[in-house]
$ cat structure37.cif   # mmCIF, N, CA and C atoms
data_start
#
loop_
_atom_site.group_PDB
_atom_site.id
_atom_site.type_symbol
_atom_site.label_atom_id
_atom_site.label_comp_id
_atom_site.auth_asym_id
_atom_site.auth_seq_id
_atom_site.Cartn_x
_atom_site.Cartn_y
_atom_site.Cartn_z
ATOM 1 N N MET Y 123 -6.567 -45.438 47.882
ATOM 2 C CA MET Y 123 -6.916 -44.039 47.949
ATOM 3 C C MET Y 123 -5.854 -43.195 47.265
ATOM 4 N N ASN Y 124 -4.617 -43.557 47.475
ATOM 5 C CA ASN Y 124 -3.504 -42.844 46.886
ATOM 6 C C ASN Y 124 -3.552 -42.941 45.364
ATOM 7 N N ASP Y 125 -3.884 -44.152 44.852
ATOM 8 C CA ASP Y 125 -3.994 -44.344 43.401
ATOM 9 C C ASP Y 125 -5.126 -43.486 42.835
ATOM 10 N N THR Y 126 -6.197 -43.358 43.586
ATOM 11 C CA THR Y 126 -7.332 -42.566 43.139
ATOM 12 C C THR Y 126 -6.947 -41.092 43.060
ATOM 13 N N LEU Y 127 -6.187 -40.629 44.017
ATOM 14 C CA LEU Y 127 -5.741 -39.236 44.045
ATOM 15 C C LEU Y 127 -4.801 -38.953 42.872
ATOM 16 N N VAL Y 128 -3.876 -39.876 42.610
ATOM 17 C CA VAL Y 128 -2.940 -39.720 41.492
ATOM 18 C C VAL Y 128 -3.717 -39.713 40.177
ATOM 19 N N MET Y 129 -4.694 -40.618 40.046
ATOM 20 C CA MET Y 129 -5.491 -40.711 38.826
ATOM 21 C C MET Y 129 -6.304 -39.432 38.629
ATOM 22 N N HIS Y 130 -6.846 -38.902 39.735
ATOM 23 C CA HIS Y 130 -7.634 -37.682 39.661
ATOM 24 C C HIS Y 130 -6.749 -36.500 39.235
ATOM 25 N N THR Y 131 -5.533 -36.413 39.781
ATOM 26 C CA THR Y 131 -4.592 -35.359 39.420
ATOM 27 C C THR Y 131 -4.201 -35.486 37.954
ATOM 28 N N ASP Y 132 -3.938 -36.706 37.503
ATOM 29 C CA ASP Y 132 -3.584 -36.942 36.094
ATOM 30 C C ASP Y 132 -4.737 -36.537 35.179
ATOM 31 N N LEU Y 133 -5.970 -36.854 35.589
ATOM 32 C CA LEU Y 133 -7.130 -36.477 34.786
ATOM 33 C C LEU Y 133 -7.301 -34.958 34.737
ATOM 34 N N ASP Y 134 -7.037 -34.297 35.871
ATOM 35 C CA ASP Y 134 -7.122 -32.837 35.904
ATOM 36 C C ASP Y 134 -6.085 -32.213 34.965
ATOM 37 N N GLN Y 135 -4.876 -32.736 34.995
ATOM 38 C CA GLN Y 135 -3.818 -32.219 34.119
ATOM 39 C C GLN Y 135 -4.164 -32.470 32.652
ATOM 40 N N LEU Y 136 -4.681 -33.649 32.386
ATOM 41 C CA LEU Y 136 -5.083 -33.986 31.027
ATOM 42 C C LEU Y 136 -6.208 -33.056 30.556
ATOM 43 N N ALA Y 137 -7.161 -32.785 31.430
ATOM 44 C CA ALA Y 137 -8.271 -31.889 31.089
ATOM 45 C C ALA Y 137 -7.753 -30.488 30.792
ATOM 46 N N GLU Y 138 -6.808 -30.008 31.581
ATOM 47 C CA GLU Y 138 -6.214 -28.693 31.347
ATOM 48 C C GLU Y 138 -5.501 -28.655 29.998
ATOM 49 N N ARG Y 139 -4.752 -29.705 29.706
ATOM 50 C CA ARG Y 139 -4.025 -29.756 28.433
ATOM 51 C C ARG Y 139 -4.991 -29.803 27.249
ATOM 52 N N VAL Y 140 -6.086 -30.535 27.407
ATOM 53 C CA VAL Y 140 -7.080 -30.616 26.338
ATOM 54 C C VAL Y 140 -7.737 -29.251 26.135
ATOM 55 N N GLU Y 141 -8.053 -28.567 27.231
ATOM 56 C CA GLU Y 141 -8.648 -27.233 27.122
ATOM 57 C C GLU Y 141 -7.693 -26.255 26.445
ATOM 58 N N LYS Y 142 -6.424 -26.292 26.822
ATOM 59 C CA LYS Y 142 -5.437 -25.421 26.187
ATOM 60 C C LYS Y 142 -5.296 -25.750 24.701
ATOM 61 N N ALA Y 143 -5.295 -27.019 24.382
ATOM 62 C CA ALA Y 143 -5.202 -27.426 22.981
ATOM 63 C C ALA Y 143 -6.422 -26.959 22.198
ATOM 64 N N ALA Y 144 -7.603 -27.053 22.811
ATOM 65 C CA ALA Y 144 -8.827 -26.609 22.149
ATOM 66 C C ALA Y 144 -8.793 -25.097 21.913
ATOM 67 N N GLU Y 145 -8.295 -24.337 22.894
ATOM 68 C CA GLU Y 145 -8.163 -22.887 22.736
ATOM 69 C C GLU Y 145 -7.182 -22.556 21.615
ATOM 70 N N LEU Y 146 -6.086 -23.284 21.576
ATOM 71 C CA LEU Y 146 -5.080 -23.072 20.544
ATOM 72 C C LEU Y 146 -5.656 -23.370 19.160
ATOM 73 N N VAL Y 147 -6.402 -24.450 19.051
ATOM 74 C CA VAL Y 147 -7.028 -24.808 17.776
ATOM 75 C C VAL Y 147 -7.990 -23.703 17.345
ATOM 76 N N GLN Y 148 -8.755 -23.176 18.290
ATOM 77 C CA GLN Y 148 -9.698 -22.101 17.973
ATOM 78 C C GLN Y 148 -8.951 -20.857 17.506
ATOM 79 N N GLN Y 149 -7.888 -20.486 18.196
ATOM 80 C CA GLN Y 149 -7.081 -19.333 17.802
ATOM 81 C C GLN Y 149 -6.496 -19.533 16.402
ATOM 82 N N LEU Y 150 -6.012 -20.724 16.137
ATOM 83 C CA LEU Y 150 -5.442 -21.022 14.825
ATOM 84 C C LEU Y 150 -6.503 -20.938 13.726
ATOM 85 N N ARG Y 151 -7.712 -21.363 14.028
ATOM 86 C CA ARG Y 151 -8.801 -21.263 13.042
ATOM 87 C C ARG Y 151 -9.113 -19.804 12.736
ATOM 88 N N VAL Y 152 -9.172 -18.975 13.782
ATOM 89 C CA VAL Y 152 -9.438 -17.548 13.597
ATOM 90 C C VAL Y 152 -8.319 -16.922 12.761
ATOM 91 N N GLU Y 153 -7.090 -17.258 13.094
ATOM 92 C CA GLU Y 153 -5.937 -16.731 12.362
ATOM 93 C C GLU Y 153 -5.956 -17.195 10.906
ATOM 94 N N ARG Y 154 -6.296 -18.448 10.685
ATOM 95 C CA ARG Y 154 -6.367 -18.977 9.321
ATOM 96 C C ARG Y 154 -7.420 -18.227 8.512
ATOM 97 N N THR Y 155 -8.568 -17.970 9.123
ATOM 98 C CA THR Y 155 -9.637 -17.232 8.445
ATOM 99 C C THR Y 155 -9.168 -15.824 8.086
ATOM 100 N N ARG Y 156 -8.485 -15.173 9.018
ATOM 101 C CA ARG Y 156 -7.963 -13.824 8.767
ATOM 102 C C ARG Y 156 -6.949 -13.847 7.630
ATOM 103 N N LEU Y 157 -6.049 -14.825 7.662
ATOM 104 C CA LEU Y 157 -5.033 -14.922 6.616
ATOM 105 C C LEU Y 157 -5.643 -15.251 5.254
ATOM 106 N N GLU Y 158 -6.687 -16.057 5.241
ATOM 107 C CA GLU Y 158 -7.364 -16.372 3.973
ATOM 108 C C GLU Y 158 -8.003 -15.114 3.391
ATOM 109 N N ARG Y 159 -8.622 -14.300 4.256
ATOM 110 C CA ARG Y 159 -9.224 -13.042 3.775
ATOM 111 C C ARG Y 159 -8.140 -12.109 3.238
ATOM 112 N N GLU Y 160 -7.035 -12.025 3.971
ATOM 113 C CA GLU Y 160 -5.929 -11.170 3.532
ATOM 114 C C GLU Y 160 -5.365 -11.663 2.201
ATOM 115 N N ARG Y 161 -5.208 -12.965 2.059
ATOM 116 C CA ARG Y 161 -4.709 -13.547 0.807
ATOM 117 C C ARG Y 161 -5.652 -13.243 -0.344
ATOM 118 N N ASP Y 162 -6.951 -13.406 -0.108
ATOM 119 C CA ASP Y 162 -7.940 -13.126 -1.152
ATOM 120 C C ASP Y 162 -7.924 -11.658 -1.553
ATOM 121 N N ASP Y 163 -7.777 -10.770 -0.562
ATOM 122 C CA ASP Y 163 -7.723 -9.341 -0.836
ATOM 123 C C ASP Y 163 -6.486 -9.003 -1.666
ATOM 124 N N LEU Y 164 -5.343 -9.559 -1.286
ATOM 125 C CA LEU Y 164 -4.113 -9.306 -2.034
ATOM 126 C C LEU Y 164 -4.185 -9.881 -3.448
ATOM 127 N N ALA Y 165 -4.803 -11.038 -3.598
ATOM 128 C CA ALA Y 165 -4.960 -11.640 -4.928
ATOM 129 C C ALA Y 165 -5.851 -10.750 -5.795
ATOM 130 N N ARG Y 166 -6.900 -10.200 -5.210
ATOM 131 C CA ARG Y 166 -7.791 -9.301 -5.945
ATOM 132 C C ARG Y 166 -7.041 -8.046 -6.378
ATOM 133 N N LYS Y 167 -6.260 -7.464 -5.474
ATOM 134 C CA LYS Y 167 -5.486 -6.269 -5.810
ATOM 135 C C LYS Y 167 -4.468 -6.560 -6.905
ATOM 136 N N LEU Y 168 -3.841 -7.716 -6.832
ATOM 137 C CA LEU Y 168 -2.881 -8.104 -7.856
ATOM 138 C C LEU Y 168 -3.566 -8.237 -9.206
ATOM 139 N N ASP Y 169 -4.727 -8.875 -9.223
ATOM 140 C CA ASP Y 169 -5.479 -9.021 -10.476
ATOM 141 C C ASP Y 169 -5.847 -7.660 -11.055
ATOM 142 N N GLU Y 170 -6.287 -6.737 -10.201
ATOM 143 C CA GLU Y 170 -6.648 -5.397 -10.660
ATOM 144 C C GLU Y 170 -5.436 -4.691 -11.261
ATOM 145 N N THR Y 171 -4.301 -4.824 -10.596
ATOM 146 C CA THR Y 171 -3.080 -4.177 -11.089
ATOM 147 C C THR Y 171 -2.643 -4.783 -12.412
ATOM 148 N N VAL Y 172 -2.719 -6.090 -12.515
ATOM 149 C CA VAL Y 172 -2.345 -6.762 -13.765
ATOM 150 C C VAL Y 172 -3.262 -6.311 -14.897
ATOM 151 N N LYS Y 173 -4.557 -6.203 -14.620
ATOM 152 C CA LYS Y 173 -5.503 -5.758 -15.652
ATOM 153 C C LYS Y 173 -5.208 -4.335 -16.093
ATOM 154 N N ARG Y 174 -4.851 -3.464 -15.125
ATOM 155 C CA ARG Y 174 -4.545 -2.078 -15.474
ATOM 156 C C ARG Y 174 -3.286 -1.980 -16.332
ATOM 157 N N LEU Y 175 -2.330 -2.863 -16.074
ATOM 158 C CA LEU Y 175 -1.065 -2.812 -16.797
ATOM 159 C C LEU Y 175 -1.042 -3.734 -18.014
ATOM 160 N N GLN Y 176 -2.161 -4.404 -18.249
ATOM 161 C CA GLN Y 176 -2.243 -5.359 -19.358
ATOM 162 C C GLN Y 176 -1.793 -4.702 -20.661
ATOM 163 N N GLY Y 177 -0.828 -5.310 -21.314
ATOM 164 C CA GLY Y 177 -0.378 -4.835 -22.607
ATOM 165 C C GLY Y 177 0.539 -3.622 -22.541
ATOM 166 N N GLN Y 178 0.885 -3.189 -21.347
ATOM 167 C CA GLN Y 178 1.771 -2.035 -21.219
ATOM 168 C C GLN Y 178 3.154 -2.502 -20.805
ATOM 169 N N ASP Y 179 4.138 -2.021 -21.519
ATOM 170 C CA ASP Y 179 5.526 -2.367 -21.220
ATOM 171 C C ASP Y 179 6.026 -1.438 -20.111
ATOM 172 N N PRO Y 180 6.428 -1.984 -18.966
ATOM 173 C CA PRO Y 180 6.874 -1.129 -17.859
ATOM 174 C C PRO Y 180 8.026 -0.198 -18.252
ATOM 175 N N SER Y 181 8.964 -0.674 -19.063
ATOM 176 C CA SER Y 181 10.074 0.195 -19.446
ATOM 177 C C SER Y 181 9.575 1.350 -20.312
ATOM 178 N N ALA Y 182 8.581 1.085 -21.162
ATOM 179 C CA ALA Y 182 7.996 2.152 -21.980
ATOM 180 C C ALA Y 182 7.300 3.174 -21.088
ATOM 181 N N LEU Y 183 6.639 2.696 -20.032
ATOM 182 C CA LEU Y 183 5.976 3.615 -19.099
ATOM 183 C C LEU Y 183 6.997 4.498 -18.387
ATOM 184 N N VAL Y 184 8.133 3.918 -18.011
ATOM 185 C CA VAL Y 184 9.181 4.693 -17.337
ATOM 186 C C VAL Y 184 9.707 5.772 -18.280
ATOM 187 N N VAL Y 185 9.938 5.406 -19.541
ATOM 188 C CA VAL Y 185 10.411 6.382 -20.525
ATOM 189 C C VAL Y 185 9.381 7.485 -20.705
ATOM 190 N N GLU Y 186 8.105 7.110 -20.768
ATOM 191 C CA GLU Y 186 7.047 8.106 -20.925
ATOM 192 C C GLU Y 186 7.004 9.053 -19.733
ATOM 193 N N ILE Y 187 7.162 8.530 -18.543
ATOM 194 C CA ILE Y 187 7.168 9.372 -17.337
ATOM 195 C C ILE Y 187 8.341 10.336 -17.386
ATOM 196 N N GLN Y 188 9.514 9.846 -17.779
ATOM 197 C CA GLN Y 188 10.687 10.717 -17.877
ATOM 198 C C GLN Y 188 10.460 11.822 -18.905
ATOM 199 N N THR Y 189 9.857 11.463 -20.029
ATOM 200 C CA THR Y 189 9.558 12.456 -21.065
ATOM 201 C C THR Y 189 8.589 13.506 -20.541
ATOM 202 N N LEU Y 190 7.549 13.055 -19.846
ATOM 203 C CA LEU Y 190 6.569 13.992 -19.290
ATOM 204 C C LEU Y 190 7.203 14.918 -18.256
ATOM 205 N N ARG Y 191 8.098 14.392 -17.453
ATOM 206 C CA ARG Y 191 8.775 15.235 -16.461
ATOM 207 C C ARG Y 191 9.661 16.280 -17.143
ATOM 208 N N ARG Y 192 10.367 15.861 -18.192
ATOM 209 C CA ARG Y 192 11.212 16.794 -18.931
ATOM 210 C C ARG Y 192 10.354 17.898 -19.560
ATOM 211 N N GLU Y 193 9.228 17.505 -20.163
ATOM 212 C CA GLU Y 193 8.323 18.490 -20.758
ATOM 213 C C GLU Y 193 7.774 19.441 -19.693
ATOM 214 N N GLN Y 194 7.485 18.893 -18.517
ATOM 215 C CA GLN Y 194 6.982 19.732 -17.436
ATOM 216 C C GLN Y 194 8.025 20.776 -17.054
ATOM 217 N N ARG Y 195 9.292 20.363 -16.935
ATOM 218 C CA ARG Y 195 10.352 21.317 -16.603
ATOM 219 C C ARG Y 195 10.477 22.388 -17.689
ATOM 220 N N GLU Y 196 10.362 21.969 -18.959
ATOM 221 C CA GLU Y 196 10.436 22.934 -20.060
ATOM 222 C C GLU Y 196 9.292 23.936 -19.989
ATOM 223 N N TRP Y 197 8.075 23.442 -19.737
ATOM 224 C CA TRP Y 197 6.914 24.331 -19.631
ATOM 225 C C TRP Y 197 7.076 25.294 -18.465
ATOM 226 N N GLN Y 198 7.612 24.798 -17.362
ATOM 227 C CA GLN Y 198 7.821 25.679 -16.210
ATOM 228 C C GLN Y 198 8.835 26.767 -16.546
ATOM 229 N N GLY Y 199 9.887 26.396 -17.268
ATOM 230 C CA GLY Y 199 10.888 27.379 -17.691
ATOM 231 C C GLY Y 199 10.279 28.421 -18.617
ATOM 232 N N GLU Y 200 9.464 27.966 -19.573
ATOM 233 C CA GLU Y 200 8.797 28.896 -20.484
ATOM 234 C C GLU Y 200 7.842 29.810 -19.721
ATOM 235 N N ARG Y 201 7.149 29.249 -18.749
ATOM 236 C CA ARG Y 201 6.212 30.043 -17.959
ATOM 237 C C ARG Y 201 6.949 31.139 -17.180
ATOM 238 N N ARG Y 202 8.105 30.788 -16.604
ATOM 239 C CA ARG Y 202 8.899 31.790 -15.884
ATOM 240 C C ARG Y 202 9.384 32.880 -16.846
ATOM 241 N N GLU Y 203 9.789 32.470 -18.039
ATOM 242 C CA GLU Y 203 10.251 33.432 -19.035
ATOM 243 C C GLU Y 203 9.125 34.381 -19.445
ATOM 244 N N VAL Y 204 7.926 33.847 -19.684
ATOM 245 C CA VAL Y 204 6.782 34.678 -20.051
ATOM 246 C C VAL Y 204 6.439 35.629 -18.911
ATOM 247 N N ALA Y 205 6.461 35.119 -17.684
ATOM 248 C CA ALA Y 205 6.162 35.972 -16.528
ATOM 249 C C ALA Y 205 7.180 37.095 -16.423
ATOM 250 N N SER Y 206 8.436 36.793 -16.676
ATOM 251 C CA SER Y 206 9.475 37.817 -16.627
ATOM 252 C C SER Y 206 9.248 38.865 -17.708
ATOM 253 N N ARG Y 207 8.901 38.442 -18.904
ATOM 254 C CA ARG Y 207 8.634 39.385 -19.998
ATOM 255 C C ARG Y 207 7.437 40.279 -19.666
ATOM 256 N N ILE Y 208 6.406 39.679 -19.087
ATOM 257 C CA ILE Y 208 5.221 40.467 -18.717
ATOM 258 C C ILE Y 208 5.595 41.505 -17.671
ATOM 259 N N GLU Y 209 6.394 41.129 -16.684
ATOM 260 C CA GLU Y 209 6.814 42.074 -15.648
ATOM 261 C C GLU Y 209 7.602 43.223 -16.271
ATOM 262 N N THR Y 210 8.472 42.893 -17.222
ATOM 263 C CA THR Y 210 9.255 43.921 -17.899
ATOM 264 C C THR Y 210 8.340 44.878 -18.656
ATOM 265 N N LEU Y 211 7.358 44.322 -19.380
ATOM 266 C CA LEU Y 211 6.417 45.156 -20.117
ATOM 267 C C LEU Y 211 5.593 46.034 -19.187
ATOM 268 N N VAL Y 212 5.173 45.486 -18.068
ATOM 269 C CA VAL Y 212 4.381 46.259 -17.100
ATOM 270 C C VAL Y 212 5.222 47.418 -16.564
ATOM 271 N N ARG Y 213 6.492 47.175 -16.255
ATOM 272 C CA ARG Y 213 7.365 48.250 -15.770
ATOM 273 C C ARG Y 213 7.531 49.345 -16.827
ATOM 274 N N LYS Y 214 7.678 48.919 -18.080
ATOM 275 C CA LYS Y 214 7.808 49.904 -19.163
ATOM 276 C C LYS Y 214 6.526 50.712 -19.299
ATOM 277 N N LEU Y 215 5.378 50.042 -19.194
ATOM 278 C CA LEU Y 215 4.102 50.751 -19.279
ATOM 279 C C LEU Y 215 3.957 51.739 -18.129
ATOM 280 N N GLU Y 216 4.387 51.335 -16.940
ATOM 281 C CA GLU Y 216 4.302 52.222 -15.777
ATOM 282 C C GLU Y 216 5.190 53.456 -15.977
ATOM 283 N N LYS Y 217 6.353 53.277 -16.599
ATOM 284 C CA LYS Y 217 7.250 54.412 -16.861
ATOM 285 C C LYS Y 217 6.597 55.362 -17.864
ATOM 286 N N LEU Y 218 5.954 54.782 -18.889
ATOM 287 C CA LEU Y 218 5.300 55.615 -19.897
ATOM 288 C C LEU Y 218 4.141 56.404 -19.292
ATOM 289 N N GLU Y 219 3.421 55.801 -18.368
ATOM 290 C CA GLU Y 219 2.268 56.472 -17.738
ATOM 291 C C GLU Y 219 2.750 57.507 -16.745
ATOM 292 N N GLY Y 220 3.877 57.248 -16.111
ATOM 293 C CA GLY Y 220 4.342 58.099 -15.025
ATOM 294 C C GLY Y 220 5.053 59.268 -15.496
#
$ encode --input "structure37.cif" --output "structure tokens"
Amino acid sequence: MNDTLVMHTDLDQLAERVEKAAELVQQLRVERTRLERERDDLARKLDETVKRLQGQDPSALVVEIQTLRREQREWQGERREVASRIETLVRKLEKLEG
């Protein structure tokens, strides 16, 4: 009877371990599927980025961006200068009218 009880306890423990292992395997499968989707998505994004940059030299793009920023600052300076001149002219016109 004692041997039967020990065997039954061992079988119960084994069953619990098998169930836990089965749950772990299922979780790992779900995680693997999620990671595969994430990998595929990242690979697609990488391909899109490579296609967009195809034939473009990154250093040339950086130089172009710097040039565009410099031109933007120049245009902003010219715009402020024109606005200042217009304000001056408007004040002179107001003096002439007044």
$ axis_aligned_box --input "structure37.cif" --around "segment 191-194 of chain Y" --padding-each-side "6 Å" --output "JSON"
{"center_x": 9.1, "center_y": 17.6, "center_z": -18.6, "size_x": 16.2, "size_y": 18.4, "size_z": 16.3}
$ atom_distance --input "structure37.cif" --atom1 "atom C of Gln149 of chain Y" --atom2 "atom C of Leu164 of chain Y"
22.2 Å
$ atom_distance --input "structure37.cif" --atom1 "atom N of Ile208 of chain Y" --atom2 "atom C of Arg195 of chain Y"
17.8 Å
$ atom_distance --input "structure37.cif" --atom1 "atom CA of Lys142 of chain Y" --atom2 "atom N of Arg159 of chain Y"
24.8 Å
